[in-house]
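This is start-v6.txt. It holds compact mmCIF, C-alpha atoms and all ligand atoms.
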```
# COMPACT_ATOMS: atom_id res chain seq x y z
CA MET T 7 0.72 -11.71 -24.16
CA ASP T 8 4.03 -12.15 -25.91
CA ASN T 9 4.99 -8.68 -27.09
CA PHE T 10 4.93 -5.86 -24.57
CA GLU T 11 6.30 -3.13 -26.86
CA GLY T 12 4.30 0.11 -26.64
CA LEU T 13 1.97 -1.27 -23.92
CA THR T 14 1.68 0.20 -20.42
CA ALA T 15 2.70 -1.30 -17.09
CA VAL T 16 1.70 -0.04 -13.66
CA VAL T 17 3.81 -1.04 -10.66
CA THR T 18 3.05 -0.13 -7.04
CA GLY T 19 5.83 -0.29 -4.47
CA SER T 20 8.29 0.40 -7.28
CA ALA T 21 10.89 2.51 -5.47
CA SER T 22 12.84 -0.55 -4.38
CA GLY T 23 13.17 -4.32 -4.46
CA ILE T 24 10.89 -6.47 -6.61
CA GLY T 25 8.71 -3.54 -7.74
CA ARG T 26 11.71 -1.56 -8.93
CA ALA T 27 13.01 -4.58 -10.84
CA LEU T 28 9.57 -5.14 -12.43
CA ALA T 29 9.44 -1.49 -13.56
CA VAL T 30 12.96 -1.66 -15.02
CA LYS T 31 12.11 -4.94 -16.78
CA ALA T 32 8.86 -3.51 -18.17
CA ALA T 33 10.79 -0.51 -19.52
CA SER T 34 13.39 -2.80 -21.10
CA GLU T 35 10.52 -4.55 -22.93
CA GLY T 36 9.57 -1.21 -24.52
CA MET T 37 6.61 -0.50 -22.23
CA ASN T 38 5.39 2.83 -20.89
CA VAL T 39 5.80 2.65 -17.13
CA CYS T 40 3.64 4.10 -14.34
CA ILE T 41 5.39 3.84 -11.00
CA ALA T 42 4.10 4.65 -7.52
CA ASP T 43 5.51 4.39 -4.02
CA MET T 44 5.40 6.09 -0.61
CA ASN T 45 9.14 6.70 -0.90
CA SER T 46 9.10 9.68 -3.25
CA SER T 47 12.85 10.35 -3.28
CA ALA T 48 13.76 6.77 -4.32
CA LEU T 49 10.87 6.87 -6.82
CA GLU T 50 12.23 10.05 -8.40
CA ILE T 51 15.67 8.44 -8.80
CA LEU T 52 14.07 5.53 -10.69
CA ALA T 53 11.91 7.89 -12.79
CA ASP T 54 14.98 9.93 -13.80
CA GLU T 55 16.94 6.76 -14.57
CA LEU T 56 14.18 5.49 -16.88
CA LYS T 57 13.56 8.88 -18.53
CA ALA T 58 17.29 9.11 -19.32
CA LYS T 59 16.83 5.89 -21.32
CA GLY T 60 13.95 7.43 -23.28
CA VAL T 61 11.20 5.53 -21.45
CA ASN T 62 7.74 7.15 -21.11
CA VAL T 63 7.33 7.33 -17.34
CA TYR T 64 4.68 8.61 -14.99
CA ALA T 65 5.69 8.62 -11.30
CA GLN T 66 3.43 9.45 -8.35
CA LYS T 67 3.98 9.38 -4.61
CA LEU T 68 1.26 7.11 -3.33
CA ASP T 69 0.04 5.28 -0.27
CA VAL T 70 -1.73 2.19 -1.64
CA SER T 71 -3.89 1.96 1.48
CA SER T 72 -5.72 5.13 0.38
CA SER T 73 -8.43 4.21 -2.13
CA GLU T 74 -8.82 7.84 -3.21
CA SER T 75 -5.09 8.22 -3.93
CA VAL T 76 -5.00 4.99 -5.94
CA LYS T 77 -8.06 6.15 -7.93
CA SER T 78 -6.42 9.47 -8.77
CA PHE T 79 -3.21 7.62 -9.74
CA ALA T 80 -5.24 5.36 -12.06
CA ALA T 81 -7.02 8.33 -13.62
CA GLU T 82 -3.67 9.96 -14.37
CA CYS T 83 -2.22 6.72 -15.84
CA PHE T 84 -5.22 6.28 -18.17
CA SER T 85 -5.22 9.93 -19.20
CA ARG T 86 -1.53 9.74 -20.17
CA PHE T 87 -1.37 6.30 -21.76
CA ASN T 88 -5.00 5.47 -22.55
CA THR T 89 -4.83 1.78 -21.62
CA VAL T 90 -3.05 -0.37 -19.01
CA GLU T 91 -2.01 -3.88 -20.00
CA LEU T 92 0.06 -5.00 -17.00
CA LEU T 93 -0.90 -4.14 -13.44
CA PHE T 94 1.45 -5.17 -10.64
CA ASN T 95 -0.18 -4.74 -7.23
CA ASN T 96 3.13 -5.20 -5.51
CA ALA T 97 3.54 -2.77 -2.58
CA GLY T 98 3.77 -4.55 0.75
CA ILE T 99 5.30 -4.47 4.18
CA LEU T 100 6.41 -7.11 6.66
CA SER T 101 5.82 -7.28 10.36
CA LEU T 102 7.35 -9.85 12.67
CA GLY T 103 6.17 -10.98 16.07
CA CYS T 104 3.80 -13.32 17.88
CA ALA T 105 0.15 -12.77 16.96
CA TRP T 106 -0.92 -12.01 20.51
CA GLU T 107 1.80 -9.42 21.03
CA GLN T 108 0.84 -7.22 18.11
CA SER T 109 -1.50 -4.30 18.59
CA VAL T 110 -4.77 -3.76 16.76
CA GLU T 111 -3.17 -0.68 15.18
CA ASP T 112 -0.31 -2.84 13.84
CA TRP T 113 -2.81 -5.34 12.40
CA GLU T 114 -4.84 -2.56 10.77
CA ARG T 115 -1.77 -0.89 9.28
CA LEU T 116 -0.39 -4.08 7.74
CA LEU T 117 -3.76 -5.26 6.41
CA SER T 118 -4.53 -1.79 5.00
CA ILE T 119 -1.34 -1.92 2.90
CA ASN T 120 -0.93 -5.62 2.04
CA VAL T 121 -4.61 -6.46 1.51
CA MET T 122 -6.48 -3.20 0.88
CA GLY T 123 -3.56 -1.97 -1.26
CA VAL T 124 -4.27 -4.85 -3.68
CA VAL T 125 -8.05 -4.30 -3.49
CA ASN T 126 -7.60 -0.57 -4.15
CA GLY T 127 -5.41 -1.32 -7.17
CA ILE T 128 -7.98 -3.74 -8.60
CA ASN T 129 -10.90 -1.38 -8.00
CA ALA T 130 -9.13 1.61 -9.50
CA PHE T 131 -7.72 -0.04 -12.63
CA LEU T 132 -9.86 -3.06 -13.52
CA PRO T 133 -13.10 -1.40 -14.76
CA ALA T 134 -11.25 0.49 -17.53
CA MET T 135 -9.12 -2.57 -18.33
CA VAL T 136 -12.27 -4.69 -18.79
CA GLU T 137 -13.92 -1.97 -20.85
CA ALA T 138 -10.89 -1.77 -23.15
CA GLU T 139 -11.44 -5.46 -24.12
CA LYS T 140 -7.69 -5.80 -24.69
CA ALA T 141 -5.44 -8.62 -23.52
CA ALA T 142 -4.03 -7.68 -20.13
CA HIS T 143 -2.60 -9.26 -17.01
CA ILE T 144 -2.78 -8.45 -13.31
CA VAL T 145 -0.11 -9.80 -10.99
CA ASN T 146 -0.70 -9.50 -7.25
CA THR T 147 2.37 -10.01 -5.11
CA GLY T 148 1.65 -12.68 -2.54
CA SER T 149 4.42 -14.66 -0.92
CA VAL T 150 5.35 -18.18 0.00
CA GLY T 151 3.32 -17.05 3.03
CA SER T 152 0.22 -17.20 0.77
CA LEU T 153 0.72 -20.96 0.77
CA VAL T 154 2.18 -21.90 4.15
CA ALA T 155 2.14 -20.32 7.60
CA ALA T 156 5.32 -19.32 9.41
CA ALA T 157 5.73 -18.78 13.14
CA GLY T 158 6.18 -15.14 14.08
CA MET T 159 4.51 -13.94 10.90
CA ALA T 160 0.78 -14.10 11.68
CA GLN T 161 -0.04 -10.66 10.28
CA TYR T 162 2.03 -11.13 7.14
CA THR T 163 0.73 -14.67 6.56
CA ALA T 164 -2.88 -13.58 7.09
CA SER T 165 -2.44 -10.73 4.62
CA LYS T 166 -0.75 -12.82 1.94
CA MET T 167 -3.32 -15.65 2.27
CA ALA T 168 -6.01 -12.98 1.80
CA VAL T 169 -4.26 -11.75 -1.35
CA ARG T 170 -4.32 -15.34 -2.63
CA GLY T 171 -8.08 -15.56 -2.01
CA ILE T 172 -8.71 -12.24 -3.75
CA THR T 173 -6.57 -13.27 -6.72
CA GLU T 174 -8.22 -16.68 -7.17
CA CYS T 175 -11.75 -15.23 -6.98
CA LEU T 176 -10.91 -12.43 -9.39
CA SER T 177 -9.38 -14.88 -11.84
CA VAL T 178 -12.55 -17.01 -11.90
CA GLU T 179 -14.82 -13.96 -12.11
CA LEU T 180 -12.94 -12.61 -15.13
CA GLN T 181 -12.98 -16.01 -16.82
CA LEU T 182 -16.75 -16.24 -16.31
CA GLN T 183 -17.09 -12.83 -17.98
CA GLN T 184 -14.78 -14.02 -20.77
CA ALA T 185 -12.61 -10.95 -20.21
CA PRO T 186 -9.18 -11.35 -21.85
CA ILE T 187 -7.42 -10.50 -18.60
CA GLY T 188 -5.22 -12.98 -16.74
CA VAL T 189 -4.84 -12.70 -12.98
CA SER T 190 -1.88 -14.26 -11.21
CA LEU T 191 -0.42 -14.52 -7.75
CA LEU T 192 3.33 -14.08 -7.42
CA CYS T 193 4.56 -16.20 -4.49
CA PRO T 194 8.27 -15.49 -4.05
CA GLY T 195 10.44 -17.25 -1.53
CA PRO T 196 13.32 -15.14 -0.22
CA VAL T 197 14.30 -12.28 -2.53
CA ALA T 198 17.23 -10.05 -1.57
CA THR T 199 15.38 -6.78 -0.80
CA ASN T 200 14.81 -4.45 2.15
CA ILE T 201 12.05 -6.72 3.42
CA ALA T 202 14.36 -9.74 3.53
CA GLU T 203 17.06 -7.62 5.14
CA GLY T 204 14.59 -6.71 7.88
CA VAL T 205 14.13 -10.40 8.66
CA ILE T 206 17.89 -10.95 8.79
CA THR T 207 18.47 -7.94 11.03
CA ARG T 208 15.77 -9.14 13.39
CA ALA T 209 17.19 -12.70 13.42
CA LEU T 210 20.64 -11.39 14.36
CA GLY T 211 19.17 -9.68 17.43
CA ASP T 212 19.51 -6.24 18.95
CA ASP T 213 23.20 -6.66 19.82
CA ALA T 214 24.33 -7.25 16.21
CA SER T 215 27.06 -4.90 15.04
CA ALA T 216 26.84 -2.97 11.76
CA GLU T 217 29.52 -5.31 10.34
CA MET T 218 27.55 -8.43 11.27
CA ILE T 219 24.43 -7.00 9.63
CA ALA T 220 26.33 -5.97 6.47
CA GLU T 221 27.95 -9.41 6.25
CA ALA T 222 24.62 -11.21 6.65
CA LYS T 223 22.98 -8.97 4.04
CA ALA T 224 25.77 -9.61 1.54
CA ALA T 225 25.53 -13.36 2.16
CA THR T 226 21.85 -13.41 1.19
CA VAL T 227 22.72 -12.95 -2.45
CA ALA T 228 26.24 -14.25 -2.78
CA GLY T 229 26.17 -17.19 -0.41
CA ASP T 230 22.62 -18.37 0.19
CA PRO T 231 21.16 -20.46 -2.65
CA ASN T 232 17.65 -19.88 -1.29
CA PHE T 233 17.81 -16.20 -2.21
CA ILE T 234 17.25 -14.76 -5.66
CA THR T 235 17.81 -11.16 -6.73
CA PRO T 236 14.87 -8.87 -7.58
CA ASP T 237 16.11 -8.80 -11.19
CA VAL T 238 15.88 -12.58 -11.49
CA CYS T 239 12.41 -12.43 -9.92
CA ALA T 240 11.29 -9.86 -12.52
CA GLU T 241 12.72 -11.96 -15.38
CA LEU T 242 10.77 -14.99 -14.15
CA VAL T 243 7.55 -12.97 -13.86
CA PHE T 244 7.79 -11.64 -17.40
CA SER T 245 8.61 -15.02 -18.88
CA ALA T 246 5.66 -16.54 -16.98
CA ILE T 247 3.30 -13.89 -18.38
CA ARG T 248 4.76 -14.27 -21.87
CA ASP T 249 4.50 -18.08 -21.87
CA ASN T 250 1.24 -18.13 -19.90
CA LYS T 251 2.94 -20.30 -17.30
CA PHE T 252 1.43 -18.93 -14.12
CA TRP T 253 -0.58 -21.57 -12.36
P1 LIG D 301 10.93 -3.58 -0.53
O1 LIG D 301 10.78 -3.07 0.86
O2 LIG D 301 12.25 -3.47 -1.19
O3 LIG D 301 9.84 -2.90 -1.49
C1 LIG D 301 8.55 -2.58 -1.06
C2 LIG D 301 8.19 -1.21 -1.59
O4 LIG D 301 6.83 -0.92 -1.23
C3 LIG D 301 9.07 -0.09 -0.98
O5 LIG D 301 9.59 0.74 -1.99
C4 LIG D 301 8.08 0.66 -0.09
O6 LIG D 301 8.39 2.05 0.03
C5 LIG D 301 6.78 0.42 -0.80
N1 LIG D 301 5.62 0.62 0.07
C6 LIG D 301 5.46 0.19 1.35
N2 LIG D 301 4.27 0.59 1.82
C7 LIG D 301 3.67 1.28 0.82
C8 LIG D 301 2.41 1.94 0.70
N3 LIG D 301 1.55 2.00 1.72
N4 LIG D 301 2.10 2.53 -0.47
C9 LIG D 301 2.98 2.52 -1.50
N5 LIG D 301 4.19 1.92 -1.44
C10 LIG D 301 4.52 1.30 -0.29
O7 LIG D 301 10.49 -5.10 -0.44
P2 LIG D 301 10.18 -6.19 -1.56
O8 LIG D 301 10.71 -7.45 -1.03
O9 LIG D 301 10.56 -5.75 -2.91
O10 LIG D 301 8.58 -6.27 -1.45
C11 LIG D 301 7.71 -6.22 -2.57
C12 LIG D 301 6.60 -7.24 -2.38
O11 LIG D 301 7.17 -8.54 -2.40
C13 LIG D 301 5.85 -7.12 -1.06
O12 LIG D 301 4.47 -7.27 -1.28
C14 LIG D 301 6.40 -8.28 -0.24
O13 LIG D 301 5.50 -8.71 0.73
C15 LIG D 301 6.62 -9.30 -1.33
N6 LIG D 301 7.54 -10.41 -1.00
C16 LIG D 301 8.84 -10.19 -0.74
C17 LIG D 301 9.66 -11.26 -0.44
C18 LIG D 301 11.13 -11.09 -0.13
O14 LIG D 301 11.78 -12.06 0.30
N7 LIG D 301 11.71 -9.94 -0.38
C19 LIG D 301 9.14 -12.57 -0.41
C20 LIG D 301 7.81 -12.74 -0.67
C21 LIG D 301 7.00 -11.66 -0.98
```
Output the structure of this file as structure tokens.
Amino acid sequence: MDNFEGLTAVVTGSASGIGRALAVKAASEGMNVCIADMNSSALEILADELKAKGVNVYAQKLDVSSSESVKSFAAECFSRFNTVELLFNNAGILSLGCAWEQSVEDWERLLSINVMGVVNGINAFLPAMVEAEKAAHIVNTGSVGSLVAAAGMAQYTASKMAVRGITECLSVELQLQQAPIGVSLLCPGPVATNIAEGVITRALGDDASAEMIAEAKAATVAGDPNFITPDVCAELVFSAIRDNKFW
């Protein structure tokens, strides 16, 4: 896929961070954009911003852990734009803490969003994408945690390793069917978003002042070479799709 003009992108978790940047990038490439997030007020702000630039936008408040909601979102996207060429299953949350200290409810909540959210996106969108027989690409947001484990992140690591497994199986299955649909796993390191800020806040401890937190947050972009901005992340994703350079 090297020209996105007039095609349609779907991005979950698009009210902030990486998802927002992916939606803005898709719009800047001339795509129609379908955006969905639990945070309806931030989603509306993005929708208005894109509409003001003349972009065709469909926005829906959505909890990706609900298969029915994702199905109705997909139905609306297809009825408005007919086909979907880029699907970003991106919504995700982070939880920190030792595995044995986290409740079953916490495990279920995180897995229902980070794992089932991706499954629900695939189930809702893929059949029509396959039927369309058009070139398309699905990008599931994993993490560096899809590749290596980190202490204090058992739930997150388990979820992102599961997303890697789902992505790799789906990729092979689509190749066996000779469907013209690429499937990729995005494995970012630290990106300066709310999720990363949550890690910083936690690392500073409960006694951290508002100034200390603000300073640490600012340093993640300006001073820490390990961090990239969501915009840079989105640029890299689009150039990888364009040049077929996902591994
Ligand atoms: P973010 O918090 O800025 O964005 C996540 C978005 O997902 C938010 O807008 C949130 O409202 C939405 N969301 C959460 N639960 C949802 C649900 N049930 N249904 C619909 N929307 C929901 O954080 P981000 O860093 O942009 O995260 C995006 C993805 O990137 C996540 O999957 C995250 O795990 C992954 N990631 C982030 C980093 C990082 O350093 N920021 C690194 C690796 C992977």
Selected residue of minimal separation from T:Ser78 among T:Asn126, T:Asn38, T:Ser177, T:Asn120, counting only C-alpha atoms:
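Nearest candidate to T:Ser78 out of T:Asn126, T:Asn38, T:Ser177, T:Asn120: T:Asn126.
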Polymer residues at most 12 Å from T:Asn96, all atoms listed in the file, same-chain spacing of 6 or more positions, as a ChimeraX atom specification:
/T:16-29,41-43,70,119-128,144-149,166,169,190-194,240
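The two atoms in question, atom CA of T:Leu176 and atom CA of T:Val63, are spaced 28.0 Å apart.
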Residues at most 8 Å from T:Glu91, counting all atoms listed in the file, excluding those fewer than 4 positions away in the same chain, as a PyMOL selection string?
chain T and resi 13-15+135+140-143
Pick from T:Asn95, T:Thr199, T:Ser72, T:Asn88, whichever lies nearest to ligand LIG 301 (chain D) using only C-alpha atoms and all ligand atoms:
T:Thr199
Expressed in Å to a single decimal, how great is the separation between atom O1 of ligand LIG 301 (chain D) and atom CA of T:Glu35?
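Calculated distance between atom O1 of ligand LIG 301 (chain D) and atom CA of T:Glu35 is 23.8 Å.
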Hey, could you pull the box centre and edge lengths for stretch 138-145 of chain T, axis-aligned, 4 Å padding per side, all listed atoms, to one decimal in Å, as JSON?
```
{"center_x": -5.8, "center_y": -5.8, "center_z": -17.8, "size_x": 19.3, "size_y": 16.0, "size_z": 21.7}
```
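Atom pair atom CA of T:Leu116 / atom CA of T:Gly211: separated by 22.5 Å.
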For T:Val227, which of T:Asp212, T:Val197, T:Cys40, T:Gly60 is the closest residue, counting all atoms listed in the file?
T:Val197
Of the listed residues T:Ala246, T:Ile201, T:Leu117, T:Ala58, that which approaches ligand LIG 301 (chain D) most closely, counting all atoms listed in the file:
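Among T:Ala246, T:Ile201, T:Leu117, T:Ala58, it is T:Ile201 that comes nearest to ligand LIG 301 (chain D).
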Across T:Tyr64, T:Trp113, T:Phe94, T:Phe233, the smallest distance to T:Met159, with all atoms listed in the file counted, is shown by T:Trp113
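Residues in contact with T:Thr235 at 6 Å, where all atoms listed in the file are counted and same-chain residues fewer than 2 positions away are skipped, are listed as Val197, Ala198, Asp237 and Val238 of chain T.
Candidate residues T:Leu132, T:Lys31, T:Lys223, T:Met167 were compared for distance to T:Arg208, and the nearest is T:Lys223, using only C-alpha atoms.
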